Protein chains: 2
Amino acid sequence: MTDPGKLALVPFVSVDHMMQIVHRIGIETMLKGLADAIEDDFRRWESFDKTPRIASHSAEGVIELMPTSDGENYGFKYVNGHPKNWKGGRQTVTAFGVLAEVATGYPLMLSEMTILTALRTAATSAMAARHLAPDGARTMAIIGNGAQSEFQALAFKAICGIDAIRLYDIDREATEKAVRNLTGTGLAITTHPTPEDAMEGAQVVTTATADKRNQQILTDNMVGSGLHINAVGGDCPGKTELAEAILHRSDIFVEYPPQTRIEGEIQQLAPDHPVTELWEVITGRTPGRTSAAQITLFDSVGFAIEDFSALRYVHSLLPETGLYVELDMLADPDDPRDLFGMLLRAAP
Amino acid sequence: MTDPGKLALVPFVSVDHMMQIVHRIGIETMLKGLADAIEDDFRRWESFDKTPRIASHSAEGVIELMPTSDGENYGFKYVNGHPKNWKGGRQTVTAFGVLAEVATGYPLMLSEMTILTALRTAATSAMAARHLAPDGARTMAIIGNGAQSEFQALAFKAICGIDAIRLYDIDREATEKAVRNLTGTGLAITTHPTPEDAMEGAQVVTTATADKRNQQILTDNMVGSGLHINAVGGDCPGKTELAEAILHRSDIFVEYPPQTRIEGEIQQLAPDHPVTELWEVITGRTPGRTSAAQITLFDSVGFAIEDFSALRYVHSLLPETGLYVELDMLADPDDPRDLFGMLLRAAP
């Protein structure tokens, strides 16, 4: 075993370390920290290199790379989406990512991102709702109680002051799991036999269902004035959750239009249908919610900058937590032009 | 510490493990194995998803992602190019990559690729020369004796039967380093005061210089009939090594035209200048060298399929060598829909 130099080592945050980081920081504090990091980066939106994700499609699913850079750091996420993976006991979505230094091209951190993506998705939703939900909103319905639902509930509690969650899922077991997981968090949790019932009295509704097809989880008559809709599950071509009529009654806010028009709820609309970019609301350039009666829709699909923000945030926690190991991932010869000599000297 | 399930673990080949693999297999055997793997994949060129690399440019350099897939496996490489990195004791080029399974999207292996890229670049050059160099070629000049030079020398020895190497570099120390590293390999090594002198009697010339600008490492009158030119160093916009006149006298072979026209020697030529794709020679669709007098030029820039082949080859060596560790990189909850529950149960 040769002794790699310091420059060769890249901090790696495993799944276990990520879970320890969450518990060390506290999940609600971490969701708040992520929301602030994401909001900070949306505020300087124009300084980022932006590109739609690079997707490799197959019959079974998709593998995507999502890179971005702010000129100082570079980040990318590898993420797959394979709806039938659960049959083999695998996650339908898993992810990992890398944060790097633009000046040298050297990676600063490799991290699991399955858990981190779940956290950043919820943090982004709640951050958007902070700008879009009606004043004094305290009750949220969650339609679809799968892997993302508890993260959404806690993010809206920590960031938006939601204290009551009304759950519905077509699969009763999913709802029961969410109830178990949210017990003891301080949220008032109720379960409901229909989506209509779940939405009664809610100021915010989150849709986060898993079926990859064009659905109408919300029909037009379910959506009353003043509602904020946090549409999380419509996030790839051919997968939507809202009846088209709802979109025509809503003011629609999106992350990055070139991507959302392909992947989001608005894939149902004409390509020039007006939408507002969330960063414009955050910078004050465009108003968010302007009246109590307005229906606001955050058509969330997940964008590379959110992953970048999440990687930066986790990277900032490494010194205080020490929750990582160092990987010998980069060749580090004494003389950078003598890679072959390093190899020769490693002979057993 | 929770105990990650088997599905959560991804084999990781560190720099040290990669060097141990090279010594375990033998460097020449490994170069041959890589050349065969790359040739096999070029032979089924049409079954690959191909896309030019995705580059993020900055004042200091570039960070690139190079993905490809054959429908069964997916691979990508992260690679940086930062010409001034050596000033801070860093490599100008470092890389790592991932091989994944298309059916599930799950990574099969994470690997260092700084050393592996050096090996695959040399293996690709020698594989191309196997189809293009004149019969009975035994002598190769190498102009530019930096990090890639020794790999080229050994690949041409192992794969093409080259037994004499004539070295020249503007920096005498680089040449002395290459001599030291190649001593004892069975190659006859000589050093030369000028590139012209180095090329005397050589049937093959490899150019592998580092300066990122348009140079004339080879001028027109240095190139005699029958020569095979292996142009390795002209590999990004604004970086070329050959006088344009040479290109007009040569039959030019490239990896993937959309990328080579931007990055290779042929960036000097009209965008419709005729070139032959190497895979067409390998499949027998187009002839390679057709006469002893012909000047052949392999305008190498490095393509994602070569990295894919290299990752597949290294992955195939893991069971027999055991030279890797397993990383807890993918979340693996007992119930895939219960990511939050897994996080809760990891509380200390």
# chains A, B, ... in the order shown; residues from 1 in each chain; ligands from 1
>>> residues_around(residues="region 83-87 of chain B", least_positions_apart="4", cutoff="7 Å", atoms="only C-alpha atoms", output="list in words")
Thr104 and Pro336 of chain A; Gly61, Gln91 and Thr92 of chain B
>>> interface_residues(of="chain B", to="chain A", cutoff="6 Å", atoms="only C-alpha atoms", output="compact mmCIF listing (two decimals) with all heavy atoms, in the first residue's frame")
# COMPACT_ATOMS: atom_id res chain seq x y z
N SER B 14 -9.72 2.34 -5.70
CA SER B 14 -8.91 3.52 -5.39
C SER B 14 -7.71 3.59 -6.32
O SER B 14 -7.43 2.66 -7.08
CB SER B 14 -8.43 3.45 -3.95
OG SER B 14 -7.50 2.39 -3.82
N VAL B 15 -6.97 4.68 -6.23
CA VAL B 15 -5.72 4.81 -7.00
C VAL B 15 -4.77 3.68 -6.62
O VAL B 15 -4.17 3.03 -7.49
CB VAL B 15 -5.07 6.19 -6.73
CG1 VAL B 15 -3.70 6.26 -7.39
CG2 VAL B 15 -5.96 7.32 -7.24
N MET B 19 -3.36 0.69 -9.07
CA MET B 19 -1.93 0.39 -9.30
C MET B 19 -1.65 -1.06 -8.96
O MET B 19 -0.90 -1.74 -9.67
CB MET B 19 -1.06 1.35 -8.48
CG MET B 19 -1.23 2.81 -8.93
SD MET B 19 0.04 3.95 -8.31
CE MET B 19 -0.32 3.97 -6.56
N GLU B 60 -9.62 28.93 -15.82
CA GLU B 60 -8.49 28.07 -15.44
C GLU B 60 -8.48 26.73 -16.15
O GLU B 60 -7.45 26.06 -16.19
CB GLU B 60 -8.50 27.81 -13.93
CG GLU B 60 -8.40 29.06 -13.06
CD GLU B 60 -9.76 29.64 -12.72
OE1 GLU B 60 -10.78 29.16 -13.26
OE2 GLU B 60 -9.82 30.59 -11.94
N ASN B 80 -11.13 16.50 -15.42
CA ASN B 80 -10.81 17.92 -15.50
C ASN B 80 -9.56 18.11 -16.35
O ASN B 80 -8.77 17.19 -16.54
CB ASN B 80 -10.58 18.51 -14.11
CG ASN B 80 -9.23 18.10 -13.55
OD1 ASN B 80 -9.01 16.92 -13.31
ND2 ASN B 80 -8.32 19.05 -13.38
N GLN B 91 -2.21 17.30 -10.53
CA GLN B 91 -2.27 16.80 -11.90
C GLN B 91 -3.05 17.78 -12.78
O GLN B 91 -4.07 18.32 -12.33
CB GLN B 91 -3.02 15.47 -11.94
CG GLN B 91 -2.26 14.29 -11.37
CD GLN B 91 -1.16 13.86 -12.30
OE1 GLN B 91 0.01 14.07 -12.02
NE2 GLN B 91 -1.51 13.28 -13.42
N ALA B 103 -30.53 -1.65 -16.47
CA ALA B 103 -31.83 -2.22 -16.07
C ALA B 103 -32.32 -1.67 -14.73
O ALA B 103 -33.51 -1.55 -14.50
CB ALA B 103 -31.75 -3.74 -16.01
N GLY B 105 -30.36 1.07 -13.01
CA GLY B 105 -29.77 2.37 -12.74
C GLY B 105 -28.78 2.35 -11.60
O GLY B 105 -28.25 3.39 -11.21
N GLU B 112 -11.22 5.15 -9.64
CA GLU B 112 -10.28 6.19 -10.09
C GLU B 112 -10.11 6.01 -11.58
O GLU B 112 -10.20 4.90 -12.12
CB GLU B 112 -8.94 6.03 -9.35
CG GLU B 112 -7.93 5.09 -10.03
CD GLU B 112 -7.18 5.75 -11.20
OE1 GLU B 112 -6.90 6.95 -11.14
OE2 GLU B 112 -6.89 5.05 -12.20
N GLY B 146 5.99 13.65 -21.61
CA GLY B 146 5.29 13.89 -20.35
C GLY B 146 4.58 12.64 -19.84
O GLY B 146 4.99 11.51 -20.15
N ALA B 147 3.51 12.88 -19.08
CA ALA B 147 2.85 11.81 -18.33
C ALA B 147 2.33 10.68 -19.21
O ALA B 147 2.20 9.54 -18.77
CB ALA B 147 1.70 12.39 -17.50
N ASP B 328 -20.70 2.30 1.04
CA ASP B 328 -22.12 2.42 1.41
C ASP B 328 -22.66 3.69 0.75
O ASP B 328 -22.77 4.74 1.35
CB ASP B 328 -22.17 2.47 2.95
CG ASP B 328 -23.50 2.93 3.51
OD1 ASP B 328 -24.52 2.70 2.85
OD2 ASP B 328 -23.48 3.51 4.62
N MET B 329 -22.94 3.57 -0.56
CA MET B 329 -23.21 4.76 -1.37
C MET B 329 -24.69 4.92 -1.72
O MET B 329 -25.13 5.99 -2.11
CB MET B 329 -22.40 4.64 -2.65
CG MET B 329 -22.13 5.95 -3.34
SD MET B 329 -20.72 5.80 -4.45
CE MET B 329 -21.53 5.79 -6.03
N ALA B 331 -28.75 4.35 -0.59
CA ALA B 331 -29.68 4.06 0.49
C ALA B 331 -30.44 2.78 0.18
O ALA B 331 -30.86 2.55 -0.95
CB ALA B 331 -30.66 5.22 0.65
N PRO B 336 -38.55 -0.06 0.23
CA PRO B 336 -38.05 1.04 -0.60
C PRO B 336 -38.90 2.31 -0.50
O PRO B 336 -38.39 3.39 -0.76
CB PRO B 336 -38.11 0.47 -2.02
CG PRO B 336 -38.11 -1.00 -1.87
CD PRO B 336 -38.80 -1.28 -0.56
N ARG B 337 -40.16 2.17 -0.10
CA ARG B 337 -40.98 3.37 0.02
C ARG B 337 -40.83 4.04 1.38
O ARG B 337 -41.47 5.04 1.67
CB ARG B 337 -42.45 3.02 -0.25
CG ARG B 337 -42.73 2.66 -1.70
CD ARG B 337 -44.07 1.99 -1.85
NE ARG B 337 -44.15 0.81 -0.99
CZ ARG B 337 -45.23 0.04 -0.89
NH1 ARG B 337 -46.30 0.33 -1.59
NH2 ARG B 337 -45.22 -1.02 -0.10
N ASP B 338 -39.98 3.44 2.24
CA ASP B 338 -39.86 3.97 3.59
C ASP B 338 -38.45 4.50 3.87
O ASP B 338 -37.78 4.10 4.83
CB ASP B 338 -40.25 2.91 4.63
CG ASP B 338 -40.47 3.51 6.00
OD1 ASP B 338 -40.55 4.76 6.09
OD2 ASP B 338 -40.53 2.75 6.98
N LEU B 339 -38.01 5.44 3.03
CA LEU B 339 -36.70 6.06 3.22
C LEU B 339 -36.64 6.80 4.56
O LEU B 339 -35.64 6.75 5.28
CB LEU B 339 -36.46 7.03 2.06
CG LEU B 339 -35.06 7.60 1.89
CD1 LEU B 339 -34.06 6.50 1.60
CD2 LEU B 339 -35.05 8.63 0.75
N LEU B 343 -34.16 6.42 7.94
CA LEU B 343 -33.46 7.55 8.57
C LEU B 343 -33.78 7.62 10.07
O LEU B 343 -32.89 7.76 10.90
CB LEU B 343 -33.87 8.84 7.85
CG LEU B 343 -33.35 10.17 8.37
CD1 LEU B 343 -31.83 10.19 8.40
CD2 LEU B 343 -33.87 11.32 7.51
>>> residues_around(residues="Arg261 (chain A)", least_positions_apart="3", cutoff="10 Å", atoms="only C-alpha atoms", output="VMD selection string")
chain A and resid 236 to 237 254 256 to 258 264 to 273 275 299 301
>>> write_last_selection(atoms="all heavy atoms", output="tab-separated table (two decimals), in the first residue's frame")
chain	number	residue	atom	x	y	z
A	236	CYS	N	-41.49	14.07	-14.72
A	236	CYS	CA	-40.79	13.56	-15.92
A	236	CYS	C	-41.80	13.42	-17.06
A	236	CYS	O	-43.01	13.44	-16.83
A	236	CYS	CB	-40.05	12.26	-15.64
A	236	CYS	SG	-41.10	10.87	-15.27
A	237	PRO	N	-41.30	13.34	-18.30
A	237	PRO	CA	-42.24	13.28	-19.42
A	237	PRO	C	-43.23	12.13	-19.25
A	237	PRO	O	-42.85	11.01	-18.90
A	237	PRO	CB	-41.32	13.04	-20.63
A	237	PRO	CG	-39.99	13.60	-20.21
A	237	PRO	CD	-39.89	13.32	-18.75
A	254	VAL	N	-42.11	28.05	-11.54
A	254	VAL	CA	-41.26	26.91	-11.91
A	254	VAL	C	-39.80	27.22	-11.57
A	254	VAL	O	-39.43	28.36	-11.33
A	254	VAL	CB	-41.37	26.59	-13.42
A	254	VAL	CG1	-42.82	26.35	-13.82
A	254	VAL	CG2	-40.75	27.69	-14.27
A	256	TYR	N	-36.83	26.00	-13.64
A	256	TYR	CA	-36.07	26.32	-14.86
A	256	TYR	C	-36.93	25.93	-16.05
A	256	TYR	O	-37.07	24.74	-16.36
A	256	TYR	CB	-34.76	25.54	-14.82
A	256	TYR	CG	-33.85	25.76	-16.01
A	256	TYR	CD1	-33.40	27.05	-16.33
A	256	TYR	CD2	-33.42	24.70	-16.78
A	256	TYR	CE1	-32.56	27.25	-17.41
A	256	TYR	CE2	-32.57	24.89	-17.86
A	256	TYR	CZ	-32.14	26.17	-18.17
A	256	TYR	OH	-31.30	26.36	-19.23
A	257	PRO	N	-37.56	26.93	-16.71
A	257	PRO	CA	-38.58	26.61	-17.72
A	257	PRO	C	-38.17	25.58	-18.78
A	257	PRO	O	-38.97	24.69	-19.08
A	257	PRO	CB	-38.89	27.99	-18.34
A	257	PRO	CG	-38.60	28.96	-17.26
A	257	PRO	CD	-37.43	28.40	-16.50
A	258	PRO	N	-36.94	25.64	-19.34
A	258	PRO	CA	-36.63	24.66	-20.39
A	258	PRO	C	-36.78	23.21	-19.91
A	258	PRO	O	-37.11	22.32	-20.69
A	258	PRO	CB	-35.17	24.96	-20.74
A	258	PRO	CG	-34.94	26.38	-20.32
A	258	PRO	CD	-35.84	26.59	-19.12
A	264	GLY	N	-42.55	18.84	-16.24
A	264	GLY	CA	-43.48	19.23	-15.18
A	264	GLY	C	-44.94	19.09	-15.58
A	264	GLY	O	-45.29	18.55	-16.63
A	265	GLU	N	-45.83	19.60	-14.72
A	265	GLU	CA	-47.27	19.64	-15.04
A	265	GLU	C	-47.51	20.40	-16.33
A	265	GLU	O	-48.43	20.09	-17.09
A	265	GLU	CB	-48.05	20.30	-13.89
A	265	GLU	CG	-48.01	19.53	-12.58
A	265	GLU	CD	-48.64	18.15	-12.70
A	265	GLU	OE1	-49.57	17.96	-13.51
A	265	GLU	OE2	-48.17	17.24	-11.98
A	266	ILE	N	-46.69	21.42	-16.58
A	266	ILE	CA	-46.94	22.28	-17.75
A	266	ILE	C	-46.59	21.60	-19.06
A	266	ILE	O	-46.79	22.18	-20.13
A	266	ILE	CB	-46.21	23.64	-17.63
A	266	ILE	CG1	-44.70	23.45	-17.50
A	266	ILE	CG2	-46.77	24.45	-16.47
A	266	ILE	CD1	-43.92	24.77	-17.58
A	267	GLN	N	-46.12	20.35	-19.03
A	267	GLN	CA	-46.01	19.61	-20.29
A	267	GLN	C	-47.39	19.45	-20.93
A	267	GLN	O	-47.50	19.17	-22.12
A	267	GLN	CB	-45.32	18.24	-20.10
A	267	GLN	CG	-46.07	17.26	-19.22
A	267	GLN	CD	-45.26	15.99	-18.90
A	267	GLN	OE1	-45.23	15.05	-19.67
A	267	GLN	NE2	-44.61	15.97	-17.74
A	268	GLN	N	-48.44	19.66	-20.13
A	268	GLN	CA	-49.81	19.59	-20.66
A	268	GLN	C	-50.21	20.86	-21.41
A	268	GLN	O	-51.25	20.88	-22.08
A	268	GLN	CB	-50.81	19.39	-19.51
A	268	GLN	CG	-50.57	18.16	-18.65
A	268	GLN	CD	-51.62	18.03	-17.55
A	268	GLN	OE1	-52.80	17.81	-17.83
A	268	GLN	NE2	-51.19	18.18	-16.30
A	269	LEU	N	-49.43	21.93	-21.26
A	269	LEU	CA	-49.83	23.24	-21.80
A	269	LEU	C	-49.04	23.59	-23.05
A	269	LEU	O	-48.04	22.95	-23.39
A	269	LEU	CB	-49.59	24.32	-20.73
A	269	LEU	CG	-50.36	24.17	-19.43
A	269	LEU	CD1	-50.01	25.31	-18.48
A	269	LEU	CD2	-51.87	24.10	-19.67
A	270	ALA	N	-49.47	24.66	-23.71
A	270	ALA	CA	-48.74	25.19	-24.87
A	270	ALA	C	-47.34	25.62	-24.40
A	270	ALA	O	-47.17	26.08	-23.27
A	270	ALA	CB	-49.48	26.38	-25.46
A	271	PRO	N	-46.35	25.47	-25.29
A	271	PRO	CA	-44.97	25.77	-24.88
A	271	PRO	C	-44.73	27.24	-24.55
A	271	PRO	O	-43.71	27.57	-23.96
A	271	PRO	CB	-44.13	25.34	-26.09
A	271	PRO	CG	-45.08	25.06	-27.20
A	271	PRO	CD	-46.44	24.88	-26.63
A	272	ASP	N	-45.69	28.12	-24.87
A	272	ASP	CA	-45.49	29.53	-24.51
A	272	ASP	C	-46.45	29.98	-23.40
A	272	ASP	O	-46.58	31.18	-23.14
A	272	ASP	CB	-45.66	30.42	-25.76
A	272	ASP	CG	-47.08	30.28	-26.35
A	272	ASP	OD1	-47.82	29.36	-25.92
A	272	ASP	OD2	-47.43	31.07	-27.24
A	273	HIS	N	-47.08	29.03	-22.74
A	273	HIS	CA	-47.96	29.39	-21.62
A	273	HIS	C	-47.13	30.13	-20.57
A	273	HIS	O	-46.06	29.69	-20.20
A	273	HIS	CB	-48.57	28.12	-21.02
A	273	HIS	CG	-49.63	28.42	-20.00
A	273	HIS	ND1	-50.97	28.48	-20.32
A	273	HIS	CD2	-49.55	28.69	-18.68
A	273	HIS	CE1	-51.66	28.77	-19.23
A	273	HIS	NE2	-50.83	28.91	-18.22
A	275	VAL	N	-45.33	31.39	-17.42
A	275	VAL	CA	-44.95	30.88	-16.10
A	275	VAL	C	-43.97	31.90	-15.48
A	275	VAL	O	-43.36	32.70	-16.20
A	275	VAL	CB	-44.25	29.50	-16.18
A	275	VAL	CG1	-45.20	28.45	-16.76
A	275	VAL	CG2	-42.96	29.56	-16.99
A	299	ASP	N	-44.76	24.15	-9.67
A	299	ASP	CA	-44.64	22.96	-10.53
A	299	ASP	C	-43.19	22.48	-10.43
A	299	ASP	O	-42.34	22.80	-11.25
A	299	ASP	CB	-45.00	23.35	-11.96
A	299	ASP	CG	-45.04	22.15	-12.90
A	299	ASP	OD1	-44.83	21.02	-12.43
A	299	ASP	OD2	-45.29	22.37	-14.10
A	301	VAL	N	-39.94	20.15	-10.40
A	301	VAL	CA	-39.38	18.95	-11.04
A	301	VAL	C	-38.01	18.59	-10.48
A	301	VAL	O	-37.50	17.49	-10.69
A	301	VAL	CB	-39.29	19.09	-12.58
A	301	VAL	CG1	-40.69	19.23	-13.17
A	301	VAL	CG2	-38.41	20.25	-12.99
>>> select_by_dssp(residues="region 57-112 of chain A", states="strand (DSSP E)", output="ChimeraX atom specification")
/A:57,62-69,73-81,93-101,107-112
>>> closest_residue(among="A:Gly136, A:Gly33, A:Gly5, A:Pro11", to="Leu323 (chain A)", atoms="only C-alpha atoms")
A:Pro11
>>> atom_distance(atom1="CA of Phe253 (chain A)", atom2="CA of Ser300 (chain A)")
8.3 Å
>>> closest_residue(among="A:Ile170, A:Met140, A:Ala310, A:Ala188", to="Gly201 (chain A)", atoms="only C-alpha atoms")
A:Met140
>>> residues_around(residues="Ile159 (chain B)", least_positions_apart="5", cutoff="12 Å", atoms="only C-alpha atoms", output="ChimeraX atom specification")
/B:27-36,122-131,133,137-138,151-154
